[in-house]
file input-v7.cif (mmCIF, C-alpha atoms)
data_structure
#
loop_
_atom_site.label_atom_id
_atom_site.label_comp_id
_atom_site.auth_asym_id
_atom_site.auth_seq_id
_atom_site.Cartn_x
_atom_site.Cartn_y
_atom_site.Cartn_z
CA MET A 1 -17.95 12.97 -24.19
CA LYS A 2 -18.21 13.09 -20.39
CA SER A 3 -16.40 15.83 -18.52
CA LYS A 4 -14.05 13.36 -16.84
CA ASN A 5 -13.05 12.03 -20.27
CA TRP A 6 -12.35 15.57 -21.49
CA PHE A 7 -10.21 16.13 -18.42
CA ALA A 8 -8.31 12.87 -18.99
CA LEU A 9 -7.69 13.80 -22.63
CA PHE A 10 -6.53 17.32 -21.70
CA PHE A 11 -4.26 15.98 -18.94
CA THR A 12 -2.71 13.41 -21.31
CA ILE A 13 -2.00 16.09 -23.93
CA LEU A 14 -0.49 18.29 -21.21
CA LEU A 15 1.81 15.47 -20.14
CA TYR A 16 2.90 14.89 -23.74
CA ILE A 17 3.87 18.56 -23.98
CA LEU A 18 5.66 18.56 -20.62
CA PHE A 19 7.56 15.37 -21.44
CA PHE A 20 8.61 16.55 -24.90
CA THR A 21 9.75 19.96 -23.67
CA ASN A 22 11.71 18.49 -20.75
CA ALA A 23 13.24 15.40 -22.37
CA GLU A 24 16.61 15.60 -20.60
CA TYR A 25 15.05 16.24 -17.21
CA LEU A 26 12.62 13.38 -17.83
CA LYS A 27 15.54 11.01 -18.40
CA THR A 28 17.25 12.18 -15.22
CA SER A 29 14.06 11.79 -13.18
CA ILE A 30 13.49 8.23 -14.41
CA ASN A 31 17.12 7.27 -13.75
CA ASN A 32 16.87 8.67 -10.22
CA SER A 33 13.65 6.75 -9.59
CA ILE A 34 15.18 3.52 -10.86
CA GLU A 35 18.18 4.06 -8.59
CA PHE A 36 15.83 4.74 -5.65
CA CYS A 37 13.94 1.52 -6.36
CA LEU A 38 17.11 -0.55 -6.61
CA LYS A 39 18.86 0.88 -3.56
CA THR A 40 15.95 1.55 -1.20
CA LEU A 41 12.51 0.29 -2.18
CA ILE A 42 13.29 -3.24 -3.39
CA PRO A 43 15.60 -4.15 -0.46
CA SER A 44 12.97 -2.97 2.03
CA MET A 45 10.07 -4.79 0.31
CA PHE A 46 11.28 -7.95 -1.44
CA PRO A 47 12.26 -10.15 1.55
CA PHE A 48 9.02 -9.48 3.42
CA ILE A 49 6.80 -9.94 0.37
CA LEU A 50 8.56 -13.23 -0.41
CA LEU A 51 8.15 -14.64 3.11
CA SER A 52 4.54 -13.53 3.48
CA SER A 53 3.64 -14.90 0.08
CA PHE A 54 5.25 -18.21 1.07
CA VAL A 55 3.24 -18.48 4.29
CA ILE A 56 -0.02 -17.70 2.49
CA ARG A 57 0.71 -19.90 -0.54
CA SER A 58 1.79 -22.91 1.57
CA LYS A 59 -1.18 -22.39 3.96
CA LEU A 60 1.12 -22.78 6.96
CA ALA A 61 -1.09 -20.55 9.13
CA ASP A 62 -4.47 -21.87 8.00
CA GLU A 63 -4.81 -24.59 10.64
CA ILE A 64 -4.05 -22.13 13.46
CA ILE A 65 -6.60 -19.62 12.14
CA TYR A 66 -9.24 -22.34 11.75
CA LYS A 67 -8.87 -23.61 15.31
CA TYR A 68 -9.14 -20.11 16.79
CA LYS A 69 -12.86 -19.40 17.32
CA LYS A 70 -13.78 -22.41 15.20
CA THR A 71 -17.48 -21.56 15.19
CA SER A 72 -16.97 -17.93 14.20
CA LYS A 73 -16.66 -16.42 10.74
CA ASN A 74 -14.67 -13.50 12.13
CA VAL A 75 -11.47 -12.99 14.10
CA LEU A 76 -10.79 -9.53 15.55
CA GLY A 77 -13.73 -8.28 13.49
CA ILE A 78 -12.01 -9.47 10.29
CA CYS A 79 -13.44 -12.03 7.89
CA LYS A 80 -11.59 -15.21 8.84
CA ILE A 81 -10.90 -16.38 5.28
CA TYR A 82 -8.86 -13.23 4.64
CA LEU A 83 -7.20 -12.91 8.06
CA SER A 84 -3.80 -14.36 7.15
CA SER A 85 -3.66 -12.20 4.00
CA ILE A 86 -4.45 -9.04 5.99
CA LEU A 87 -1.93 -9.74 8.75
CA LEU A 88 0.90 -10.89 6.50
CA GLY A 89 0.08 -8.23 3.93
CA SER A 90 0.44 -5.61 6.64
CA VAL A 91 3.88 -7.00 7.45
CA SER A 92 5.01 -7.08 3.82
CA GLY A 93 3.46 -3.84 2.63
CA PHE A 94 0.60 -2.44 0.58
CA ILE A 95 0.14 -4.71 -2.45
CA THR A 96 0.77 -8.17 -0.97
CA GLY A 97 -2.51 -8.32 0.96
CA PRO A 98 -4.79 -7.25 -1.92
CA LYS A 99 -3.05 -9.65 -4.28
CA CYS A 100 -3.58 -12.64 -1.94
CA ILE A 101 -7.17 -11.59 -1.14
CA CYS A 102 -8.00 -11.50 -4.86
CA SER A 103 -6.61 -15.01 -5.21
CA ILE A 104 -8.72 -16.32 -2.31
CA TYR A 105 -11.86 -14.56 -3.57
CA SER A 106 -11.45 -16.11 -7.01
CA ASP A 107 -11.32 -19.62 -5.52
CA LYS A 108 -14.50 -19.21 -3.45
CA GLU A 109 -17.80 -20.44 -4.85
CA GLU A 110 -19.77 -18.27 -2.41
CA LYS A 111 -18.85 -14.62 -3.03
CA ASP A 112 -19.08 -11.83 -0.46
CA ALA A 113 -18.24 -8.57 -2.20
CA GLN A 114 -18.49 -6.45 0.96
CA ALA A 115 -16.09 -8.65 2.91
CA PHE A 116 -13.68 -8.66 -0.03
CA SER A 117 -13.65 -4.87 -0.32
CA ASP A 118 -13.28 -4.29 3.42
CA SER A 119 -10.47 -6.84 3.67
CA VAL A 120 -8.51 -5.23 0.82
CA ILE A 121 -8.82 -1.85 2.54
CA LEU A 122 -7.64 -3.27 5.88
CA SER A 123 -4.68 -5.03 4.25
CA SER A 124 -3.39 -1.86 2.56
CA ASN A 125 -0.73 -0.90 5.07
CA CYS A 126 2.89 0.12 4.68
CA GLY A 127 5.20 -2.79 5.47
CA VAL A 128 7.34 -3.18 8.55
CA GLY A 129 10.55 -3.21 6.52
CA PHE A 130 9.96 0.18 4.93
CA VAL A 131 8.49 1.91 8.01
CA ILE A 132 11.12 0.80 10.53
CA SER A 133 14.21 0.34 8.36
CA CYS A 134 13.74 3.13 5.84
CA VAL A 135 11.57 5.75 7.56
CA GLY A 136 12.61 5.14 11.16
CA ILE A 137 16.33 4.38 10.83
CA LEU A 138 17.37 5.87 7.48
CA ILE A 139 15.25 9.04 7.35
CA TRP A 140 14.62 9.91 11.01
CA ASN A 141 17.63 8.13 12.54
CA SER A 142 15.31 6.66 15.18
CA VAL A 143 14.30 3.01 15.32
CA GLU A 144 11.90 3.91 18.16
CA PHE A 145 10.03 6.36 15.93
CA GLY A 146 9.84 3.71 13.20
CA ILE A 147 8.40 1.14 15.62
CA PHE A 148 5.90 3.74 16.91
CA LEU A 149 4.78 4.60 13.39
CA TYR A 150 4.32 0.98 12.36
CA THR A 151 2.47 0.01 15.55
CA SER A 152 0.24 3.09 15.30
CA GLU A 153 -0.44 2.36 11.63
CA ILE A 154 -1.78 -1.14 12.37
CA ILE A 155 -3.79 -0.12 15.46
CA THR A 156 -5.42 2.88 13.76
CA SER A 157 -6.24 0.76 10.72
CA LEU A 158 -8.07 -1.80 12.88
CA LEU A 159 -9.90 0.91 14.85
CA LEU A 160 -10.96 2.71 11.66
CA GLY A 161 -12.10 -0.65 10.33
CA LYS A 162 -14.36 -1.06 13.35
CA LEU A 163 -15.87 2.38 12.75
CA LEU A 164 -16.17 2.50 8.97
CA LEU A 165 -16.24 -1.05 7.68
CA LYS A 166 -18.83 -3.78 7.91
CA GLY A 167 -16.72 -5.99 10.15
CA HIS A 168 -18.26 -9.37 9.27
CA CYS A 169 -18.73 -11.72 6.34
CA ASN A 170 -21.24 -14.22 5.09
CA THR A 171 -18.74 -16.73 3.77
CA GLU A 172 -17.92 -19.63 6.08
CA TYR A 173 -14.24 -20.44 6.53
CA ILE A 174 -13.69 -24.05 5.50
CA TYR A 175 -10.35 -25.54 6.44
CA THR A 176 -8.93 -28.21 4.17
CA PRO A 177 -5.95 -30.29 5.31
CA TYR A 178 -4.44 -30.16 1.83
CA LYS A 179 -1.31 -28.05 1.61
CA PRO A 180 0.67 -27.29 -1.54
CA GLY A 181 4.23 -28.57 -1.61
CA LEU A 182 6.74 -26.38 0.19
CA ILE A 183 9.13 -26.33 -2.76
CA ASP A 184 6.36 -25.34 -5.18
CA SER A 185 5.16 -22.68 -2.73
CA PHE A 186 8.68 -21.31 -2.38
CA THR A 187 9.38 -21.10 -6.11
CA TYR A 188 5.98 -19.47 -6.69
CA SER A 189 6.64 -16.96 -3.89
CA VAL A 190 10.03 -15.95 -5.28
CA SER A 191 8.67 -15.22 -8.75
CA SER A 192 5.54 -13.58 -7.32
CA ALA A 193 7.57 -11.33 -5.01
CA PHE A 194 9.85 -10.36 -7.89
CA SER A 195 6.92 -9.38 -10.12
CA SER A 196 5.20 -7.53 -7.25
CA VAL A 197 8.16 -5.28 -6.42
CA PHE A 198 8.82 -4.44 -10.06
CA ASN A 199 5.15 -3.70 -10.59
CA ALA A 200 5.39 -1.36 -7.58
CA CYS A 201 8.52 0.24 -9.06
CA SER A 202 6.74 1.01 -12.34
CA PHE A 203 4.11 3.02 -10.47
CA VAL A 204 6.80 4.68 -8.35
CA ILE A 205 8.68 5.75 -11.48
CA PHE A 206 5.58 7.20 -13.13
CA PHE A 207 4.25 9.15 -10.15
CA SER A 208 7.73 10.33 -9.17
CA LEU A 209 8.10 11.59 -12.74
CA LEU A 210 4.84 13.53 -12.41
CA SER A 211 5.94 15.23 -9.20
CA ASP A 212 9.41 15.98 -10.63
CA ILE A 213 7.97 17.51 -13.82
CA PHE A 214 5.46 19.66 -11.94
CA ALA A 215 8.25 20.73 -9.56
CA LEU A 216 9.80 22.65 -12.45
CA TYR A 217 6.84 25.03 -12.49
CA ILE A 218 5.87 25.37 -8.81
CA ASN A 219 7.64 26.33 -5.59
CA SER A 220 9.48 23.77 -3.46
CA THR A 221 6.89 23.61 -0.69
CA ILE A 222 4.02 22.72 -3.01
CA SER A 223 6.34 20.38 -4.87
CA SER A 224 7.12 18.45 -1.66
CA LEU A 225 3.42 18.23 -0.82
CA LEU A 226 2.66 16.92 -4.31
CA SER A 227 5.33 14.23 -3.97
CA ILE A 228 3.68 13.09 -0.72
CA ILE A 229 0.28 12.87 -2.40
CA PHE A 230 1.61 11.16 -5.51
CA GLU A 231 4.10 8.65 -4.14
CA PHE A 232 4.54 7.63 -0.50
CA SER A 233 8.09 6.21 -0.61
CA LYS A 234 9.71 9.34 -2.04
CA GLY A 235 7.14 11.42 -0.16
CA THR A 236 8.52 10.25 3.18
CA PHE A 237 11.96 11.52 2.16
CA ASN A 238 10.55 14.90 1.12
CA ALA A 239 8.49 15.16 4.31
CA VAL A 240 11.63 15.95 6.32
CA SER A 241 12.51 18.89 4.07
CA PHE A 242 10.29 21.19 6.16
CA ASN A 243 11.96 23.23 8.89
CA ASN A 244 9.23 22.58 11.46
CA VAL A 245 9.73 19.13 13.01
CA PHE A 246 6.02 18.76 13.82
CA ILE A 247 5.04 19.44 10.21
CA SER A 248 7.68 16.98 9.01
CA ALA A 249 6.44 14.34 11.45
CA PHE A 250 2.81 14.91 10.43
CA LEU A 251 3.62 14.60 6.73
CA THR A 252 5.70 11.48 7.38
CA GLY A 253 2.79 9.86 9.21
CA PHE A 254 0.35 11.01 6.54
CA SER A 255 2.53 9.53 3.78
CA ILE A 256 2.57 6.14 5.48
CA GLY A 257 -1.12 6.11 6.35
CA PHE A 258 -2.41 7.46 3.03
CA GLY A 259 0.03 5.58 0.82
CA GLY A 260 -0.17 8.01 -2.07
CA LEU A 261 -1.83 7.78 -5.47
CA SER A 262 0.87 5.37 -6.59
CA VAL A 263 -0.19 2.66 -4.11
CA MET A 264 -3.86 3.46 -4.67
CA PHE A 265 -3.60 2.80 -8.40
CA GLN A 266 -1.46 -0.28 -7.79
CA THR A 267 -4.27 -1.64 -5.63
CA PHE A 268 -6.92 -0.70 -8.20
CA SER A 269 -4.84 -2.45 -10.86
CA ILE A 270 -4.51 -5.65 -8.82
CA CYS A 271 -8.23 -5.59 -7.96
CA SER A 272 -9.39 -4.81 -11.48
CA GLY A 273 -12.49 -6.90 -12.14
CA TYR A 274 -13.06 -7.45 -8.42
CA PRO A 275 -15.69 -5.67 -6.25
CA LEU A 276 -13.43 -3.14 -4.54
CA ASN A 277 -15.25 -0.03 -3.29
CA LYS A 278 -12.83 2.63 -4.56
CA LYS A 279 -14.60 5.55 -2.91
CA LYS A 280 -14.53 3.87 0.51
CA TYR A 281 -10.87 2.98 -0.05
CA LEU A 282 -9.99 6.63 -0.73
CA ILE A 283 -11.93 7.95 2.29
CA PHE A 284 -10.45 5.31 4.59
CA LYS A 285 -6.86 5.98 3.50
CA LEU A 286 -7.26 9.75 3.77
CA LEU A 287 -8.55 9.41 7.35
CA HIS A 288 -5.83 6.89 8.11
CA GLY A 289 -3.18 9.31 6.87
CA VAL A 290 -4.53 12.27 8.87
CA ILE A 291 -4.79 10.27 12.11
CA LEU A 292 -1.34 8.73 11.73
CA GLY A 293 0.08 12.16 10.93
CA MET A 294 -1.38 13.62 14.13
CA LEU A 295 0.01 10.72 16.18
CA ALA A 296 3.44 11.22 14.62
CA SER A 297 3.33 14.92 15.58
CA LEU A 298 2.29 14.06 19.14
CA TYR A 299 5.23 11.67 19.36
CA MET A 300 7.58 14.62 18.90
CA LEU A 301 6.24 16.13 22.12
CA LEU A 302 7.30 13.08 24.14
#
call {"tool": "encode", "arguments": {"input": "input-v7.cif", "output": "structure tokens"}}
result
Amino acid sequence: MKSKNWFALFFTILLYILFFTNAEYLKTSINNSIEFCLKTLIPSMFPFILLSSFVIRSKLADEIIYKYKKTSKNVLGICKIYLSSILLGSVSGFITGPKCICSIYSDKEEKDAQAFSDSVILSSNCGVGFVISCVGILIWNSVEFGIFLYTSEIITSLLLGKLLLKGHCNTEYIYTPYKPGLIDSFTYSVSSAFSSVFNACSFVIFFSLLSDIFALYINSTISSLLSIIFEFSKGTFNAVSFNNVFISAFLTGFSIGFGGLSVMFQTFSICSGYPLNKKKYLIFKLLHGVILGMLASLYMLL
């Protein structure tokens, strides 16, 4: 058996032991996570995922994208066939973009694995609803800080994409005038958005449970750092628990840019069977988190 399989087996047995020996705490942790999802995460994600899914499904933006630089395969250094998914996914939040990109990739006869992988990475951004409404207004009591974080997140993602990603594709964008019915697109988007947010909540519950269980055996500082690494939505709340405002700002920015293991595994789950470069994804999101964290700290000096 490979060493990574031994580690996975040992870690699973360890979790069994921790869960059995902390049954009451486990129940409390899960209930708290469910409450967090219902009161905070779903309201900040669902409307934006629904609207973005509707625009992509109904192909309302396709004609505009096609007419812009008609002879080019790229727009802003992004593969044109995935542009609407990347932009709208970045508005909705992490998993919407990858989900739509997988759907487009499946429908294409000519496959470009590199463009697919790079587009998924570029689309993996925290949504405007969570960053501005939840992080900016609810956590930091500053809509300006929320707007700064979201704007910086998108700009740094595009700049990192220019530096680290291929930046072009081999698949020609072919515009077809056919558009699915608006009613069908709407009903599909509602059910798709519902399943997406509850899929996200299942990962939030699991990774929040991990950080809560480990918090029983480690000090509060390390526990807060683990929550940031494991799960970005709760991590942003724990980021402000530090006394130093610059550290809190850095960790807030890092949480948004990195996204946490929860979002990472959500993306891997959605892209299972597709040619996503997982190592490049991890490196990109780590760098994104560090850069956004530094920008958030600099903001506190203004």
call {"tool": "atom_distance", "arguments": {"input": "input-v7.cif", "atom1": "CA of Tyr281 (chain A)", "atom2": "CA of Ser58 (chain A)"}}
result
28.9 Å
call {"tool": "resolve_selection", "arguments": {"input": "input-v7.cif", "expression": "the PyMOL selection byres ((chain A and resi 91-106) around 6)", "output": "list in words"}}
result
Phe48, Ile49, Ser85, Ile86, Leu88, Gly89, Ser90, Asp107, Lys108, Val120, Ser123, Ser124, Asn125, Cys126, Gly127 and Val128 of chain A
call {"tool": "write_last_selection", "arguments": {"input": "input-v7.cif", "atoms": "C-alpha atoms", "output": "PDB file, in the frame of the given file"}}
result
ATOM      1  CA  PHE A  48       9.020  -9.480   3.420  1.00  0.00           C
ATOM      2  CA  ILE A  49       6.800  -9.940   0.370  1.00  0.00           C
ATOM      3  CA  SER A  85      -3.660 -12.200   4.000  1.00  0.00           C
ATOM      4  CA  ILE A  86      -4.450  -9.040   5.990  1.00  0.00           C
ATOM      5  CA  LEU A  88       0.900 -10.890   6.500  1.00  0.00           C
ATOM      6  CA  GLY A  89       0.080  -8.230   3.930  1.00  0.00           C
ATOM      7  CA  SER A  90       0.440  -5.610   6.640  1.00  0.00           C
ATOM      8  CA  ASP A 107     -11.320 -19.620  -5.520  1.00  0.00           C
ATOM      9  CA  LYS A 108     -14.500 -19.210  -3.450  1.00  0.00           C
ATOM     10  CA  VAL A 120      -8.510  -5.230   0.820  1.00  0.00           C
ATOM     11  CA  SER A 123      -4.680  -5.030   4.250  1.00  0.00           C
ATOM     12  CA  SER A 124      -3.390  -1.860   2.560  1.00  0.00           C
ATOM     13  CA  ASN A 125      -0.730  -0.900   5.070  1.00  0.00           C
ATOM     14  CA  CYS A 126       2.890   0.120   4.680  1.00  0.00           C
ATOM     15  CA  GLY A 127       5.200  -2.790   5.470  1.00  0.00           C
ATOM     16  CA  VAL A 128       7.340  -3.180   8.550  1.00  0.00           C
TER      17      VAL A 128
END
call {"tool": "residues_around", "arguments": {"input": "input-v7.cif", "residues": "Ser195 (chain A)", "least_positions_apart": "2", "cutoff": "12 Å", "atoms": "all atoms listed in the file", "output": "PDB file with C-alpha atoms, in the coordinates of the input"}}
result
ATOM      1  CA  ILE A  42      13.290  -3.240  -3.390  1.00  0.00           C
ATOM      2  CA  MET A  45      10.070  -4.790   0.310  1.00  0.00           C
ATOM      3  CA  PHE A  46      11.280  -7.950  -1.440  1.00  0.00           C
ATOM      4  CA  ILE A  49       6.800  -9.940   0.370  1.00  0.00           C
ATOM      5  CA  LEU A  50       8.560 -13.230  -0.410  1.00  0.00           C
ATOM      6  CA  ILE A  95       0.140  -4.710  -2.450  1.00  0.00           C
ATOM      7  CA  THR A  96       0.770  -8.170  -0.970  1.00  0.00           C
ATOM      8  CA  LYS A  99      -3.050  -9.650  -4.280  1.00  0.00           C
ATOM      9  CA  TYR A 188       5.980 -19.470  -6.690  1.00  0.00           C
ATOM     10  CA  SER A 189       6.640 -16.960  -3.890  1.00  0.00           C
ATOM     11  CA  VAL A 190      10.030 -15.950  -5.280  1.00  0.00           C
ATOM     12  CA  SER A 191       8.670 -15.220  -8.750  1.00  0.00           C
ATOM     13  CA  SER A 192       5.540 -13.580  -7.320  1.00  0.00           C
ATOM     14  CA  ALA A 193       7.570 -11.330  -5.010  1.00  0.00           C
ATOM     15  CA  VAL A 197       8.160  -5.280  -6.420  1.00  0.00           C
ATOM     16  CA  PHE A 198       8.820  -4.440 -10.060  1.00  0.00           C
ATOM     17  CA  ASN A 199       5.150  -3.700 -10.590  1.00  0.00           C
ATOM     18  CA  ALA A 200       5.390  -1.360  -7.580  1.00  0.00           C
ATOM     19  CA  CYS A 201       8.520   0.240  -9.060  1.00  0.00           C
ATOM     20  CA  SER A 202       6.740   1.010 -12.340  1.00  0.00           C
TER      21      SER A 202
END
call {"tool": "resolve_selection", "arguments": {"input": "input-v7.cif", "expression": "the PyMOL selection byres ((chain A and resi 226) around 10)", "output": "CSV table (one decimal) with C-alpha atoms, in the coordinates of the input"}}
result
chain,number,residue,atom,x,y,z
A,207,PHE,CA,4.2,9.2,-10.2
A,208,SER,CA,7.7,10.3,-9.2
A,210,LEU,CA,4.8,13.5,-12.4
A,211,SER,CA,5.9,15.2,-9.2
A,212,ASP,CA,9.4,16.0,-10.6
A,214,PHE,CA,5.5,19.7,-11.9
A,215,ALA,CA,8.2,20.7,-9.6
A,220,SER,CA,9.5,23.8,-3.5
A,221,THR,CA,6.9,23.6,-0.7
A,222,ILE,CA,4.0,22.7,-3.0
A,223,SER,CA,6.3,20.4,-4.9
A,224,SER,CA,7.1,18.4,-1.7
A,225,LEU,CA,3.4,18.2,-0.8
A,227,SER,CA,5.3,14.2,-4.0
A,228,ILE,CA,3.7,13.1,-0.7
A,229,ILE,CA,0.3,12.9,-2.4
A,230,PHE,CA,1.6,11.2,-5.5
A,231,GLU,CA,4.1,8.6,-4.1
A,235,GLY,CA,7.1,11.4,-0.2
A,238,ASN,CA,10.6,14.9,1.1
A,260,GLY,CA,-0.2,8.0,-2.1
call {"tool": "closest_residue", "arguments": {"input": "input-v7.cif", "among": "A:Phe10, A:Phe19, A:Tyr299, A:Phe246", "to": "Phe148 (chain A)", "atoms": "only C-alpha atoms"}}
result
A:Tyr299
call {"tool": "residues_around", "arguments": {"input": "input-v7.cif", "residues": "Ile34 (chain A)", "least_positions_apart": "4", "cutoff": "7 Å", "atoms": "only C-alpha atoms", "output": "ChimeraX atom specification"}}
result
/A:30,38,205
call {"tool": "closest_residue", "arguments": {"input": "input-v7.cif", "among": "A:Ile155, A:Leu251, A:Met264, A:Val143", "to": "Lys278 (chain A)", "atoms": "all atoms listed in the file"}}
result
A:Met264
call {"tool": "resolve_selection", "arguments": {"input": "input-v7.cif", "expression": "the PyMOL selection byres ((chain A and resi 18) around 12)", "output": "mmCIF file with C-alpha atoms, keeping the file's coordinate frame"}}
result
data_model
loop_
_atom_site.group_PDB
_atom_site.id
_atom_site.type_symbol
_atom_site.label_atom_id
_atom_site.label_comp_id
_atom_site.auth_asym_id
_atom_site.auth_seq_id
_atom_site.Cartn_x
_atom_site.Cartn_y
_atom_site.Cartn_z
ATOM 1 C CA PHE A 11 -4.260 15.980 -18.940
ATOM 2 C CA THR A 12 -2.710 13.410 -21.310
ATOM 3 C CA ILE A 13 -2.000 16.090 -23.930
ATOM 4 C CA LEU A 14 -0.490 18.290 -21.210
ATOM 5 C CA LEU A 15 1.810 15.470 -20.140
ATOM 6 C CA TYR A 16 2.900 14.890 -23.740
ATOM 7 C CA ILE A 17 3.870 18.560 -23.980
ATOM 8 C CA PHE A 19 7.560 15.370 -21.440
ATOM 9 C CA PHE A 20 8.610 16.550 -24.900
ATOM 10 C CA THR A 21 9.750 19.960 -23.670
ATOM 11 C CA ASN A 22 11.710 18.490 -20.750
ATOM 12 C CA ALA A 23 13.240 15.400 -22.370
ATOM 13 C CA GLU A 24 16.610 15.600 -20.600
ATOM 14 C CA TYR A 25 15.050 16.240 -17.210
ATOM 15 C CA LEU A 26 12.620 13.380 -17.830
ATOM 16 C CA LEU A 209 8.100 11.590 -12.740
ATOM 17 C CA LEU A 210 4.840 13.530 -12.410
ATOM 18 C CA SER A 211 5.940 15.230 -9.200
ATOM 19 C CA ASP A 212 9.410 15.980 -10.630
ATOM 20 C CA ILE A 213 7.970 17.510 -13.820
ATOM 21 C CA PHE A 214 5.460 19.660 -11.940
ATOM 22 C CA ALA A 215 8.250 20.730 -9.560
ATOM 23 C CA LEU A 216 9.800 22.650 -12.450
ATOM 24 C CA TYR A 217 6.840 25.030 -12.490
#
call {"tool": "closest_residue", "arguments": {"input": "input-v7.cif", "among": "A:Asn243, A:Ser133, A:Ser269, A:Ser33", "to": "Val204 (chain A)", "atoms": "only C-alpha atoms"}}
result
A:Ser33
call {"tool": "build_atoms", "arguments": {"input": "input-v7.cif", "residues": "region 275-286 of chain A", "atoms": "N, CA, C and O atoms", "output": "compact mmCIF listing (two decimals), keeping the file's coordinate frame"}}
result
# COMPACT_ATOMS: atom_id res chain seq x y z
N PRO A 275 -14.76 -6.67 -6.81
CA PRO A 275 -15.69 -5.67 -6.25
C PRO A 275 -15.09 -4.79 -5.16
O PRO A 275 -15.57 -4.74 -4.03
N LEU A 276 -14.02 -4.06 -5.49
CA LEU A 276 -13.43 -3.14 -4.54
C LEU A 276 -14.18 -1.81 -4.58
O LEU A 276 -14.36 -1.23 -5.65
N ASN A 277 -14.58 -1.33 -3.40
CA ASN A 277 -15.25 -0.03 -3.29
C ASN A 277 -14.17 1.05 -3.27
O ASN A 277 -13.58 1.34 -2.24
N LYS A 278 -13.93 1.67 -4.42
CA LYS A 278 -12.83 2.63 -4.56
C LYS A 278 -13.06 3.90 -3.75
O LYS A 278 -12.12 4.47 -3.19
N LYS A 279 -14.30 4.34 -3.67
CA LYS A 279 -14.60 5.55 -2.91
C LYS A 279 -14.34 5.32 -1.41
O LYS A 279 -13.74 6.17 -0.74
N LYS A 280 -14.77 4.18 -0.90
CA LYS A 280 -14.53 3.87 0.51
C LYS A 280 -13.03 3.71 0.78
O LYS A 280 -12.53 4.14 1.82
N TYR A 281 -12.31 3.12 -0.18
CA TYR A 281 -10.87 2.98 -0.05
C TYR A 281 -10.21 4.35 0.10
O TYR A 281 -9.37 4.55 0.99
N LEU A 282 -10.58 5.29 -0.77
CA LEU A 282 -9.99 6.63 -0.73
C LEU A 282 -10.29 7.33 0.59
O LEU A 282 -9.38 7.90 1.21
N ILE A 283 -11.54 7.29 1.04
CA ILE A 283 -11.93 7.95 2.29
C ILE A 283 -11.18 7.34 3.47
O ILE A 283 -10.65 8.04 4.34
N PHE A 284 -11.13 6.01 3.50
CA PHE A 284 -10.45 5.31 4.59
C PHE A 284 -8.98 5.70 4.66
O PHE A 284 -8.45 6.01 5.73
N LYS A 285 -8.29 5.69 3.51
CA LYS A 285 -6.86 5.98 3.50
C LYS A 285 -6.57 7.45 3.82
O LYS A 285 -5.55 7.75 4.44
N LEU A 286 -7.44 8.35 3.40
CA LEU A 286 -7.26 9.75 3.77
C LEU A 286 -7.36 9.93 5.28
O LEU A 286 -6.52 10.60 5.90
